[in-house]
file structure-v6.txt (compact mmCIF, C-alpha atoms and all ligand atoms)
# COMPACT_ATOMS: atom_id res chain seq x y z
CA MET A 1 18.89 6.49 4.74
CA ALA A 2 21.19 4.70 7.17
CA ARG A 3 20.57 5.17 10.83
CA ASN A 4 23.44 5.95 13.21
CA ASP A 5 24.02 5.32 16.89
CA ASP A 6 23.27 8.94 17.76
CA GLN A 7 19.79 8.51 16.40
CA LEU A 8 19.38 5.34 18.45
CA SER A 9 20.46 7.14 21.54
CA ARG A 10 17.96 9.90 20.94
CA GLU A 11 15.19 7.34 21.25
CA GLY A 12 16.28 6.67 24.81
CA ILE A 13 17.91 3.36 24.22
CA GLU A 14 20.91 3.99 26.39
CA GLU A 15 18.75 4.32 29.50
CA HIS A 16 18.19 0.65 30.07
CA GLY A 17 21.71 -0.43 30.80
CA LEU A 18 21.31 -3.48 28.56
CA ASN A 19 22.68 -1.87 25.49
CA LYS A 20 26.15 -3.35 25.36
CA ALA A 21 26.31 -6.94 24.28
CA SER A 22 28.03 -9.04 21.71
CA ILE A 23 26.05 -9.53 18.50
CA GLY A 24 27.86 -12.83 17.86
CA SER A 25 26.06 -15.66 19.59
CA ALA A 26 24.07 -13.63 22.12
CA PHE A 27 21.33 -12.45 19.74
CA PHE A 28 19.16 -13.73 16.94
CA PRO A 29 17.83 -11.53 14.11
CA VAL A 30 14.14 -10.99 13.38
CA PRO A 31 12.75 -8.93 10.46
CA ILE A 32 11.14 -5.69 11.60
CA ASP A 33 7.82 -6.79 10.09
CA GLY A 34 7.86 -10.03 12.12
CA ILE A 35 6.85 -8.41 15.41
CA GLY A 36 3.29 -7.10 14.95
CA ASP A 37 1.83 -4.15 16.85
CA HIS A 38 1.79 -5.48 20.37
CA GLU A 39 3.02 -4.86 23.85
CA LEU A 40 6.46 -6.37 23.55
CA GLY A 41 7.25 -9.66 25.25
CA VAL A 42 10.95 -9.25 24.44
CA ASP A 43 13.64 -6.57 24.26
CA LEU A 44 14.29 -5.30 20.75
CA TYR A 45 17.82 -4.26 19.84
CA LEU A 46 19.16 -2.57 16.74
CA SER A 47 22.61 -3.00 15.29
CA HIS A 48 24.09 -0.48 12.89
CA GLU A 49 26.55 -2.01 10.43
CA HIS A 50 27.03 -5.09 12.63
CA LYS A 51 28.20 -3.01 15.59
CA THR A 52 27.25 -3.82 19.18
CA PRO A 53 23.45 -3.92 19.41
CA VAL A 54 21.77 -1.20 21.40
CA LEU A 55 18.37 -1.48 23.02
CA TYR A 56 15.58 0.09 20.95
CA ARG A 57 12.46 -0.93 22.91
CA ALA A 58 12.36 -2.76 26.22
CA LYS A 59 10.08 -5.65 27.05
CA GLY A 60 6.67 -4.35 28.14
CA SER A 61 6.76 -1.24 25.96
CA SER A 62 4.80 -0.95 22.75
CA TYR A 63 5.73 -1.28 19.10
CA SER A 64 3.31 0.13 16.57
CA ASN A 65 2.88 0.12 12.84
CA ALA A 66 4.09 3.75 12.83
CA ASP A 67 7.38 2.57 14.41
CA PHE A 68 7.70 -0.06 11.70
CA VAL A 69 7.19 2.52 8.95
CA ASN A 70 9.67 4.87 10.60
CA LEU A 71 12.36 2.18 10.83
CA ARG A 72 11.71 0.98 7.31
CA GLU A 73 12.13 4.50 5.98
CA GLN A 74 15.51 4.60 7.67
CA GLY A 75 16.60 1.46 5.87
CA ILE A 76 16.51 -0.78 8.97
CA THR A 77 15.55 -4.36 8.20
CA HIS A 78 16.12 -6.41 11.38
CA PHE A 79 15.86 -6.31 15.12
CA TYR A 80 18.12 -8.38 17.33
CA ILE A 81 16.63 -10.25 20.28
CA PRO A 82 18.74 -11.73 23.08
CA ASN A 83 18.97 -15.52 22.85
CA VAL A 84 17.89 -15.79 26.49
CA GLN A 85 14.48 -14.40 25.44
CA HIS A 86 13.92 -17.02 22.80
CA CYS A 87 11.03 -18.64 24.66
CA GLN A 88 9.28 -15.30 25.09
CA PHE A 89 9.70 -14.60 21.38
CA GLN A 90 8.10 -17.94 20.53
CA GLU A 91 5.27 -17.05 22.89
CA MET A 92 4.78 -13.78 20.98
CA LEU A 93 4.63 -15.65 17.68
CA ARG A 94 2.18 -18.16 19.09
CA ASN A 95 -0.06 -15.34 20.39
CA ARG A 96 0.13 -13.61 17.00
CA ILE A 97 -1.03 -16.77 15.28
CA GLY A 98 -3.83 -17.35 17.81
CA GLU A 99 -5.05 -13.76 17.50
CA ALA A 100 -4.87 -13.77 13.70
CA ILE A 101 -6.89 -17.00 13.51
CA GLY A 102 -9.58 -15.61 15.79
CA ASP A 103 -9.71 -12.02 14.49
CA ASP A 104 -12.56 -11.67 11.99
CA LYS A 105 -12.00 -7.92 11.79
CA VAL A 106 -8.66 -8.36 10.01
CA ASN A 107 -8.99 -9.17 6.32
CA ARG A 108 -8.36 -12.71 5.15
CA GLU A 109 -5.12 -11.97 3.27
CA GLU A 110 -3.60 -10.29 6.31
CA ARG A 111 -4.65 -13.09 8.68
CA VAL A 112 -3.15 -15.68 6.39
CA ARG A 113 0.04 -13.67 5.96
CA ILE A 114 0.52 -13.35 9.73
CA VAL A 115 -0.13 -17.06 10.33
CA ARG A 116 2.16 -18.22 7.52
CA ASP A 117 4.98 -15.79 8.43
CA SER A 118 4.89 -16.56 12.15
CA CYS A 119 4.62 -20.30 11.58
CA GLY A 120 7.49 -20.15 9.07
CA LYS A 121 9.69 -18.36 11.60
CA MET A 122 9.02 -21.08 14.16
CA ILE A 123 9.83 -23.84 11.68
CA GLU A 124 13.01 -22.02 10.67
CA ASP A 125 14.10 -21.88 14.31
CA PHE A 126 13.21 -25.52 14.80
CA THR A 127 15.20 -26.55 11.73
CA SER A 128 18.29 -24.67 12.85
CA ASN A 129 18.08 -25.79 16.48
CA ALA A 130 15.40 -28.32 17.39
CA SER A 131 16.54 -28.47 21.01
CA LEU A 132 15.58 -24.86 21.77
CA PRO A 133 13.48 -25.14 24.93
CA GLY A 134 9.74 -25.38 24.45
CA LEU A 135 9.84 -24.93 20.67
CA SER A 136 8.47 -28.32 19.72
CA ASP A 137 5.63 -27.90 22.25
CA THR A 138 4.82 -24.53 20.72
CA ILE A 139 4.75 -25.96 17.19
CA ASN A 140 2.52 -28.74 18.48
CA GLU A 141 0.11 -26.12 19.84
CA ILE A 142 0.06 -24.43 16.43
CA ALA A 143 -0.73 -27.82 14.88
CA GLY A 144 -3.68 -28.05 17.32
CA GLN A 145 -4.89 -24.58 16.30
CA PHE A 146 -4.68 -25.56 12.61
CA SER A 147 -6.69 -28.70 13.29
CA GLN A 148 -9.41 -26.72 15.11
CA TRP A 149 -9.42 -23.94 12.53
CA CYS A 150 -9.85 -26.49 9.74
CA ALA A 151 -12.74 -28.11 11.62
CA SER A 152 -14.56 -24.86 12.44
CA GLU A 153 -13.90 -22.70 9.36
CA SER A 154 -12.83 -25.06 6.60
CA THR A 155 -13.09 -22.49 3.79
CA GLU A 156 -10.97 -19.97 5.70
CA PHE A 157 -8.44 -22.67 6.50
CA GLU A 158 -8.29 -23.81 2.89
CA TYR A 159 -7.34 -20.26 2.02
CA LEU A 160 -4.21 -20.77 4.13
CA TYR A 161 -3.19 -23.44 1.64
CA GLU A 162 -4.43 -21.58 -1.43
CA MET A 163 -2.24 -18.64 -0.49
CA SER A 164 0.84 -20.89 -0.28
CA GLU A 165 3.99 -19.51 -1.73
CA HIS A 166 5.40 -22.22 -3.94
CA ASP A 167 9.08 -21.46 -3.81
CA PHE A 168 12.06 -23.69 -3.22
CA TYR A 169 12.72 -22.72 0.40
CA THR A 170 12.61 -25.64 2.81
CA THR A 171 10.80 -23.58 5.47
CA THR A 172 7.99 -22.55 3.11
CA HIS A 173 7.71 -26.16 1.96
CA MET A 174 7.35 -27.41 5.55
CA VAL A 175 4.58 -24.88 6.30
CA ASN A 176 2.79 -25.91 3.06
CA VAL A 177 3.09 -29.60 3.89
CA GLY A 178 1.88 -29.01 7.47
CA VAL A 179 -1.23 -27.16 6.24
CA GLY A 180 -1.78 -29.70 3.44
CA CYS A 181 -1.55 -32.55 5.96
CA THR A 182 -4.29 -30.89 8.08
CA LEU A 183 -6.55 -30.74 5.01
CA LEU A 184 -5.81 -34.24 3.78
CA ALA A 185 -6.03 -35.88 7.21
CA SER A 186 -9.36 -34.08 7.82
CA GLU A 187 -10.66 -35.42 4.50
CA LEU A 188 -9.63 -38.99 5.35
CA LEU A 189 -10.36 -39.14 9.08
CA GLY A 190 -13.14 -36.55 9.45
CA ALA A 191 -12.76 -32.98 10.68
CA GLY A 192 -11.72 -32.69 14.32
CA HIS A 193 -10.32 -36.26 14.58
CA PRO A 194 -7.73 -36.36 17.39
CA GLN A 195 -4.98 -37.63 15.07
CA ILE A 196 -5.18 -34.55 12.84
CA GLN A 197 -3.16 -32.38 15.22
CA ARG A 198 -0.48 -35.08 15.38
CA ILE A 199 -0.36 -35.49 11.59
CA THR A 200 -0.16 -31.70 11.16
CA LEU A 201 2.79 -31.60 13.57
CA GLY A 202 4.54 -34.32 11.55
CA GLY A 203 3.94 -32.38 8.31
CA LEU A 204 5.27 -29.14 9.79
CA ILE A 205 8.56 -30.71 10.88
CA HIS A 206 8.98 -33.63 8.44
CA ASP A 207 12.04 -32.19 6.65
CA VAL A 208 13.95 -31.09 9.75
CA GLY A 209 16.76 -33.44 8.62
CA LYS A 210 17.40 -31.26 5.56
CA ARG A 211 19.46 -28.98 7.76
CA GLY A 212 22.23 -31.50 7.16
CA VAL A 213 22.01 -31.17 3.35
CA ASP A 214 23.86 -28.44 1.45
CA THR A 215 21.46 -25.91 -0.11
CA GLU A 216 23.38 -26.18 -3.39
CA ILE A 217 22.54 -29.87 -3.52
CA LEU A 218 18.86 -29.27 -2.74
CA ASN A 219 18.63 -26.81 -5.64
CA LYS A 220 20.98 -28.49 -8.07
CA GLU A 221 19.81 -28.93 -11.64
CA GLY A 222 20.65 -32.17 -13.35
CA LYS A 223 22.17 -35.38 -12.11
CA LEU A 224 23.45 -35.64 -8.55
CA SER A 225 26.73 -37.37 -7.79
CA ASP A 226 26.56 -40.51 -5.62
CA GLU A 227 27.80 -38.53 -2.65
CA GLU A 228 25.20 -35.77 -3.17
CA TRP A 229 22.42 -38.29 -3.63
CA GLN A 230 23.50 -40.00 -0.40
CA GLN A 231 23.11 -36.70 1.47
CA ILE A 232 19.56 -36.35 0.14
CA ARG A 233 18.70 -39.94 1.00
CA ASN A 234 19.97 -39.44 4.53
CA HIS A 235 17.71 -36.53 5.44
CA PRO A 236 14.82 -38.67 6.80
CA GLN A 237 17.25 -40.60 9.00
CA VAL A 238 18.92 -37.37 10.18
CA GLY A 239 15.47 -35.92 10.95
CA TYR A 240 14.52 -39.10 12.81
CA GLU A 241 17.61 -38.84 15.00
CA ILE A 242 16.99 -35.13 15.70
CA LEU A 243 13.40 -35.83 16.77
CA CYS A 244 14.31 -38.91 18.83
CA ASP A 245 16.56 -36.64 20.91
CA GLN A 246 13.54 -34.47 21.72
CA GLU A 247 11.95 -35.35 25.03
CA GLY A 248 8.24 -36.01 24.60
CA MET A 249 8.26 -35.81 20.79
CA ASP A 250 5.19 -37.49 19.30
CA PRO A 251 6.16 -40.92 17.85
CA LEU A 252 3.71 -40.36 15.00
CA ALA A 253 5.60 -37.21 13.90
CA ILE A 254 8.86 -39.16 14.18
CA ASP A 255 7.40 -41.93 11.99
CA MET A 256 6.30 -39.39 9.33
CA THR A 257 9.74 -37.79 9.34
CA LEU A 258 11.51 -41.11 8.90
CA ASN A 259 9.14 -42.63 6.33
CA HIS A 260 7.78 -39.85 4.09
CA HIS A 261 10.07 -40.93 1.20
CA GLU A 262 9.23 -44.64 1.41
CA ARG A 263 7.26 -46.20 -1.47
CA LEU A 264 4.61 -48.92 -1.40
CA ASP A 265 6.79 -51.10 -3.68
CA GLY A 266 9.75 -50.90 -1.28
CA LYS A 267 11.91 -48.80 -3.64
CA GLY A 268 11.89 -45.71 -1.44
CA TYR A 269 14.35 -44.55 1.19
CA PRO A 270 15.91 -44.55 3.76
CA ASN A 271 15.00 -48.14 4.74
CA GLY A 272 13.05 -49.49 1.73
CA ILE A 273 10.05 -50.59 3.79
CA SER A 274 6.91 -51.45 1.80
CA GLY A 275 3.11 -51.91 1.82
CA ASP A 276 1.50 -52.02 5.26
CA GLU A 277 4.81 -51.24 6.93
CA ILE A 278 4.20 -47.62 5.81
CA SER A 279 1.72 -45.97 8.17
CA LEU A 280 -1.25 -43.86 7.04
CA PRO A 281 0.30 -40.63 8.44
CA ALA A 282 3.52 -41.30 6.46
CA ARG A 283 1.44 -41.96 3.30
CA ILE A 284 -0.44 -38.68 3.86
CA CYS A 285 2.82 -36.80 4.30
CA SER A 286 4.26 -38.43 1.18
CA VAL A 287 1.35 -37.32 -1.06
CA VAL A 288 1.35 -33.70 0.16
CA ASP A 289 5.16 -33.60 0.07
CA ILE A 290 5.36 -34.80 -3.56
CA TYR A 291 2.55 -32.47 -4.62
CA ASP A 292 4.19 -29.42 -3.03
CA ALA A 293 7.66 -30.26 -4.33
CA LEU A 294 6.41 -30.55 -7.92
CA SER A 295 4.13 -27.50 -7.64
CA SER A 296 6.98 -25.35 -6.40
CA ALA A 297 9.32 -23.33 -8.57
CA ARG A 298 12.94 -24.40 -8.55
CA PRO A 299 15.89 -22.16 -9.38
CA TYR A 300 16.12 -23.96 -12.74
CA ARG A 301 12.40 -24.27 -13.63
CA GLY A 302 9.05 -22.68 -12.92
CA PRO A 303 6.27 -24.39 -10.98
CA ILE A 304 4.44 -27.25 -12.67
CA PRO A 305 0.67 -26.60 -12.94
CA PRO A 306 -1.65 -28.61 -10.64
CA CYS A 307 -3.27 -30.64 -13.43
CA LYS A 308 0.15 -31.74 -14.67
CA VAL A 309 1.35 -32.51 -11.12
CA LEU A 310 -1.69 -34.71 -10.49
CA GLU A 311 -1.17 -36.44 -13.83
CA MET A 312 2.47 -37.13 -12.99
CA MET A 313 1.56 -38.41 -9.53
CA SER A 314 -1.22 -40.64 -10.85
CA GLU A 315 1.41 -42.64 -12.74
CA ASP A 316 2.91 -43.63 -9.38
CA VAL A 317 -0.34 -44.59 -7.68
CA GLY A 318 -0.11 -48.19 -6.48
CA SER A 319 3.67 -48.45 -6.90
CA ALA A 320 4.76 -45.48 -4.77
CA ILE A 321 1.62 -43.63 -3.69
CA ASP A 322 -1.44 -44.90 -1.83
CA SER A 323 -4.51 -44.70 -4.09
CA THR A 324 -7.03 -43.87 -1.31
CA VAL A 325 -4.84 -41.06 -0.01
CA PHE A 326 -4.21 -39.72 -3.51
CA GLU A 327 -7.92 -39.70 -4.40
CA ALA A 328 -8.68 -37.86 -1.15
CA TRP A 329 -6.06 -35.23 -2.05
CA ARG A 330 -7.63 -34.86 -5.50
CA ARG A 331 -10.99 -34.18 -3.82
CA VAL A 332 -9.45 -31.61 -1.46
CA LEU A 333 -7.80 -29.73 -4.33
CA GLY A 334 -10.83 -29.97 -6.58
CA ARG A 335 -13.13 -28.56 -3.87
CA MET A 336 -10.72 -25.78 -3.00
CA LEU A 337 -10.38 -24.64 -6.60
CA GLU A 338 -14.10 -24.95 -7.33
CA ALA A 339 -14.74 -22.58 -4.43
CA ASP A 340 -12.70 -19.93 -6.23
CA PRO A 341 -14.06 -19.84 -9.79
CA GLU A 342 -11.70 -17.08 -10.88
CA ARG A 343 -8.77 -19.34 -10.24
CA ALA A 344 -10.29 -22.51 -11.60
CA VAL A 345 -11.28 -23.79 -15.03
CA ALA A 346 -12.49 -27.22 -16.02
CA ASP A 347 -9.37 -28.69 -17.52
CA LYS A 348 -9.74 -32.38 -16.86
CA PRO A 349 -12.89 -34.48 -16.59
CA GLY A 350 -14.08 -34.65 -13.02
CA LEU A 351 -11.60 -32.15 -11.67
CA LYS A 352 -11.47 -28.41 -11.57
CA VAL A 353 -7.96 -27.19 -12.01
CA PRO A 354 -6.72 -23.63 -11.72
CA SER A 355 -5.99 -21.35 -14.58
CA MET A 356 -3.59 -19.44 -12.37
CA GLN A 357 -1.12 -17.72 -14.62
CA SER A 358 1.42 -18.05 -11.83
CA MET A 359 1.22 -21.81 -12.17
CA LEU A 360 2.44 -21.84 -15.74
CA PRO A 361 5.60 -23.88 -16.21
CA SER A 362 8.61 -21.82 -17.15
CA GLN A 363 8.59 -22.86 -20.77
CA GLN A 364 5.18 -21.22 -21.11
CA CYS A 365 6.30 -18.00 -19.40
CA GLN A 366 7.56 -15.16 -21.48
CA GLU A 367 10.95 -14.20 -20.12
CA ARG A 368 11.73 -10.59 -19.25
CA PRO A 369 15.16 -9.16 -18.37
CA ALA A 370 15.79 -9.11 -14.61
CA ASP A 371 17.07 -5.54 -14.74
CA GLY A 372 16.06 -2.20 -16.28
CA CYS A 373 12.93 -0.20 -15.53
CA VAL A 374 9.21 -0.73 -15.67
CA LEU A 375 6.33 1.69 -15.66
CA LEU A 376 3.92 0.90 -12.83
CA LYS A 377 0.38 2.24 -13.03
CA ARG A 378 -2.10 2.05 -10.15
CA ALA A 379 -5.85 1.81 -10.55
CA SER A 380 -6.02 5.42 -9.30
CA GLY A 381 -4.06 6.51 -12.38
CA GLU A 382 -0.89 7.29 -10.40
CA SER A 383 2.19 6.01 -12.23
CA PHE A 384 5.87 5.44 -11.39
CA ASP A 385 9.02 4.64 -13.32
CA LEU A 386 10.79 2.02 -11.16
CA SER A 387 13.97 -0.06 -11.28
CA VAL A 388 13.69 -3.84 -11.29
CA ASP A 389 15.65 -5.65 -8.57
CA SER A 390 16.84 -9.09 -9.60
CA SER A 391 17.18 -10.52 -6.07
CA VAL A 392 13.59 -11.63 -5.54
CA LYS A 393 12.61 -15.22 -6.05
CA CYS A 394 11.24 -16.92 -9.13
CA GLY A 395 7.72 -15.87 -10.08
CA GLU A 396 7.93 -12.43 -8.49
CA ILE A 397 9.26 -9.01 -9.41
CA GLY A 398 10.81 -6.56 -6.92
CA LEU A 399 10.66 -2.84 -7.72
CA VAL A 400 12.86 -0.40 -5.84
CA CYS A 401 10.52 2.07 -4.10
CA ASP A 402 9.06 3.12 -0.77
CA THR A 403 5.51 3.58 -1.94
CA LYS A 404 2.84 1.83 0.12
CA PHE A 405 0.58 -0.72 -1.52
CA THR A 406 -2.11 -2.84 0.10
CA PRO A 407 -1.87 -6.65 -0.01
CA GLY A 408 -3.50 -7.94 -3.18
CA GLU A 409 -3.58 -4.47 -4.82
CA GLN A 410 -3.62 -4.83 -8.60
CA VAL A 411 -1.33 -2.66 -10.71
CA GLN A 412 -0.38 -2.59 -14.36
CA LEU A 413 3.29 -3.10 -15.23
CA ARG A 414 4.69 -2.04 -18.58
CA PHE A 415 8.17 -3.25 -19.47
CA GLU A 416 10.63 -1.22 -21.51
CA ASP A 417 9.78 -3.02 -24.72
CA GLY A 418 6.11 -2.12 -24.32
CA VAL A 419 4.68 -5.47 -23.16
CA SER A 420 2.54 -5.26 -20.07
CA GLU A 421 0.84 -7.34 -17.39
CA LYS A 422 -1.54 -6.80 -14.48
CA VAL A 423 0.06 -8.08 -11.26
CA SER A 424 -0.84 -8.05 -7.57
CA PHE A 425 1.14 -6.76 -4.61
CA VAL A 426 2.64 -9.43 -2.35
CA GLY A 427 4.59 -7.48 0.25
CA PHE A 428 7.39 -5.15 1.07
CA ARG A 429 10.96 -6.45 1.48
CA PHE A 430 14.52 -5.20 1.56
CA ASN A 431 17.32 -6.21 -0.77
CA ALA A 432 20.93 -6.83 0.29
CA LYS A 433 21.72 -3.13 -0.17
CA GLY A 434 18.95 -2.22 2.29
CA GLN A 435 16.75 -0.74 -0.45
CA GLY A 436 13.00 -1.14 -0.05
CA LEU A 437 11.32 -3.36 -2.62
CA ALA A 438 7.64 -3.53 -3.47
CA VAL A 439 7.20 -7.15 -4.51
CA PHE A 440 4.53 -8.28 -6.98
CA LYS A 441 3.54 -11.76 -8.10
CA LEU A 442 4.25 -12.32 -11.79
CA GLY A 443 1.85 -14.26 -13.94
CA LYS A 444 2.68 -14.72 -17.57
CA PHE A 445 6.25 -13.46 -17.25
CA SER A 446 9.38 -14.79 -15.61
CA LEU A 447 12.61 -12.90 -15.14
CA HIS A 448 15.98 -13.93 -16.46
CA ALA A 449 19.41 -12.44 -15.87
CA ALA A 450 20.34 -10.10 -18.69
FE FE B 1 11.76 -34.93 2.61
call {"tool": "encode", "arguments": {"input": "structure-v6.txt", "output": "structure tokens", "more": "lines below"}}
Ligand SMILES: [Fe+2]
result
Amino acid sequence: MARNDDQLSREGIEEHGLNKASIGSAFFPVPIDGIGDHELGVDLYLSHEHKTPVLYRAKGSSYSNADFVNLREQGITHFYIPNVQHCQFQEMLRNRIGEAIGDDKVNREERVRIVRDSCGKMIEDFTSNASLPGLSDTINEIAGQFSQWCASESTEFEYLYEMSEHDFYTTTHMVNVGVGCTLLASELLGAGHPQIQRITLGGLIHDVGKRGVDTEILNKEGKLSDEEWQQIRNHPQVGYEILCDQEGMDPLAIDMTLNHHERLDGKGYPNGISGDEISLPARICSVVDIYDALSSARPYRGPIPPCKVLEMMSEDVGSAIDSTVFEAWRRVLGRMLEADPERAVADKPGLKVPSMQSMLPSQQCQERPADGCVLLKRASGESFDLSVDSSVKCGEIGLVCDTKFTPGEQVQLRFEDGVSEKVSFVGFRFNAKGQGLAVFKLGKFSLHAA
């Protein structure tokens, strides 16, 4: 149900005198689930059908989960926050991350979701405008928290990487690489080493230069034209220039950004440096970057399974990839997967690799039509006939409904032709029409347009 301005006014929004402002450049949007239940550090505005935003909750008031549910039921997806409160919003995100890391009472899935979402929002802001005041310092603080978390609760921190979404979004990739760099640097340098925070920062922001590359080029299947390839090859240099303009930016993070696509044999880019000219932090970033890029689904293919990724990478050890760094990454992955026997099977000598259905390459997935209906059955026996929404990303299925599920909840899906699969709940989202979608992670199936 769409909400109108009368409803907004009934919630007392007109009282504050801040309700008339231009939505154009004066506000930035934030999903309604990106706020958390806190005393607000910012003003939250709502905009109905792109009209002038009106104040919904003022800074200092509270925003609860009940408010979130209420707004979601009314089809509202985003708040608008005044640009002048950007710093305060970053502060809120930083506090959310700090609290989630330290809150043992919240379950692991929820803690990880909050940390990944909030960190992703910061990286997204940084990629679109690195000069926003205080943002790089805030990301650096998050890097410090990751480093400490990894040193004090390594298994919990590893879960932050295990729960990585492997999609083709640059922001998700940068969060994955940041977390992976914490793990790999800790393995090589020892947990708590002072350089780990700096290497994590470099990993989190290493692809900032991709903001200058067209998304269509980043996701293009097949051969790139010379001009397109040049855009890709330029992104480390563009990132380097963005970071050099940042007062106080760590030179180590700048080095990782510039050199994460260089190869030991000098055939990398942008400058073709080789051997010892490539620093250890850049080598670390390179290994995690390549691993995440190959493990991630692309619009034109599914994710490649870990054992295959490691096999592919091992062919480049010595020529492109540093052998010591690569072996350390193998140990990190092997340990992580051994700790979770349900997700790991012995597939290669000396290494446990996951049997995660979601890691199957697309050619091994059975394709299902990306429209029509499925029957969803919960463990309680409750069942629903739901429409499939084709807008969710590769490896997931979105079902149009408002029913609540808990993160990780397992349900049985039965497609129209009778085939079925057990899947787990990932989260609740909205499609472009404002319909609520319950999103589940697919395993043995992938969707294709009918
Ligand atoms: Fe890159």
call {"tool": "residues_near_ligand", "arguments": {"input": "structure-v6.txt", "ligand": "ligand FE 1 (chain B)", "cutoff": "7 Å", "atoms": "all atoms listed in the file", "output": "number ranges by chain"}}
result
A: 206-207, 235-236, 260-261
call {"tool": "atom_distance", "arguments": {"input": "structure-v6.txt", "atom1": "CA of Leu224 in chain A", "atom2": "CA of Gly239 in chain A"}}
result
21.1 Å
call {"tool": "closest_residue", "arguments": {"input": "structure-v6.txt", "among": "A:His78, A:Arg108, A:Arg96, A:Lys59", "to": "Met122 in chain A", "atoms": "only C-alpha atoms"}}
result
A:Arg96
call {"tool": "residues_near_point", "arguments": {"input": "structure-v6.txt", "point": "(3.6, -47.4, 1.7)", "cutoff": "8 Å", "atoms": "all atoms listed in the file", "output": "CSV table (one decimal) with C-alpha atoms, keeping the file's coordinate frame"}}
result
chain,number,residue,atom,x,y,z
A,262,GLU,CA,9.2,-44.6,1.4
A,263,ARG,CA,7.3,-46.2,-1.5
A,264,LEU,CA,4.6,-48.9,-1.4
A,265,ASP,CA,6.8,-51.1,-3.7
A,266,GLY,CA,9.8,-50.9,-1.3
A,273,ILE,CA,10.0,-50.6,3.8
A,274,SER,CA,6.9,-51.4,1.8
A,275,GLY,CA,3.1,-51.9,1.8
A,276,ASP,CA,1.5,-52.0,5.3
A,277,GLU,CA,4.8,-51.2,6.9
A,278,ILE,CA,4.2,-47.6,5.8
A,279,SER,CA,1.7,-46.0,8.2
A,282,ALA,CA,3.5,-41.3,6.5
A,283,ARG,CA,1.4,-42.0,3.3
A,320,ALA,CA,4.8,-45.5,-4.8
A,321,ILE,CA,1.6,-43.6,-3.7
A,322,ASP,CA,-1.4,-44.9,-1.8
call {"tool": "closest_residue", "arguments": {"input": "structure-v6.txt", "among": "A:Phe79, A:Phe326, A:Tyr161, A:Tyr269", "to": "Cys285 in chain A", "atoms": "all atoms listed in the file"}}
result
A:Phe326
call {"tool": "residues_near_point", "arguments": {"input": "structure-v6.txt", "point": "(17.7, -29.8, 8.4)", "cutoff": "9 Å", "atoms": "all atoms listed in the file", "output": "list in words"}}
result
Phe126, Thr127, Ser128, Thr170, Asp207, Val208, Gly209, Lys210, Arg211, Gly212, Val213, His235, Val238 and Gly239 of chain A
call {"tool": "closest_residue", "arguments": {"input": "structure-v6.txt", "among": "A:Glu187, A:Glu124, A:Asp33, A:Glu416", "to": "Ser154 in chain A", "atoms": "only C-alpha atoms"}}
result
A:Glu187
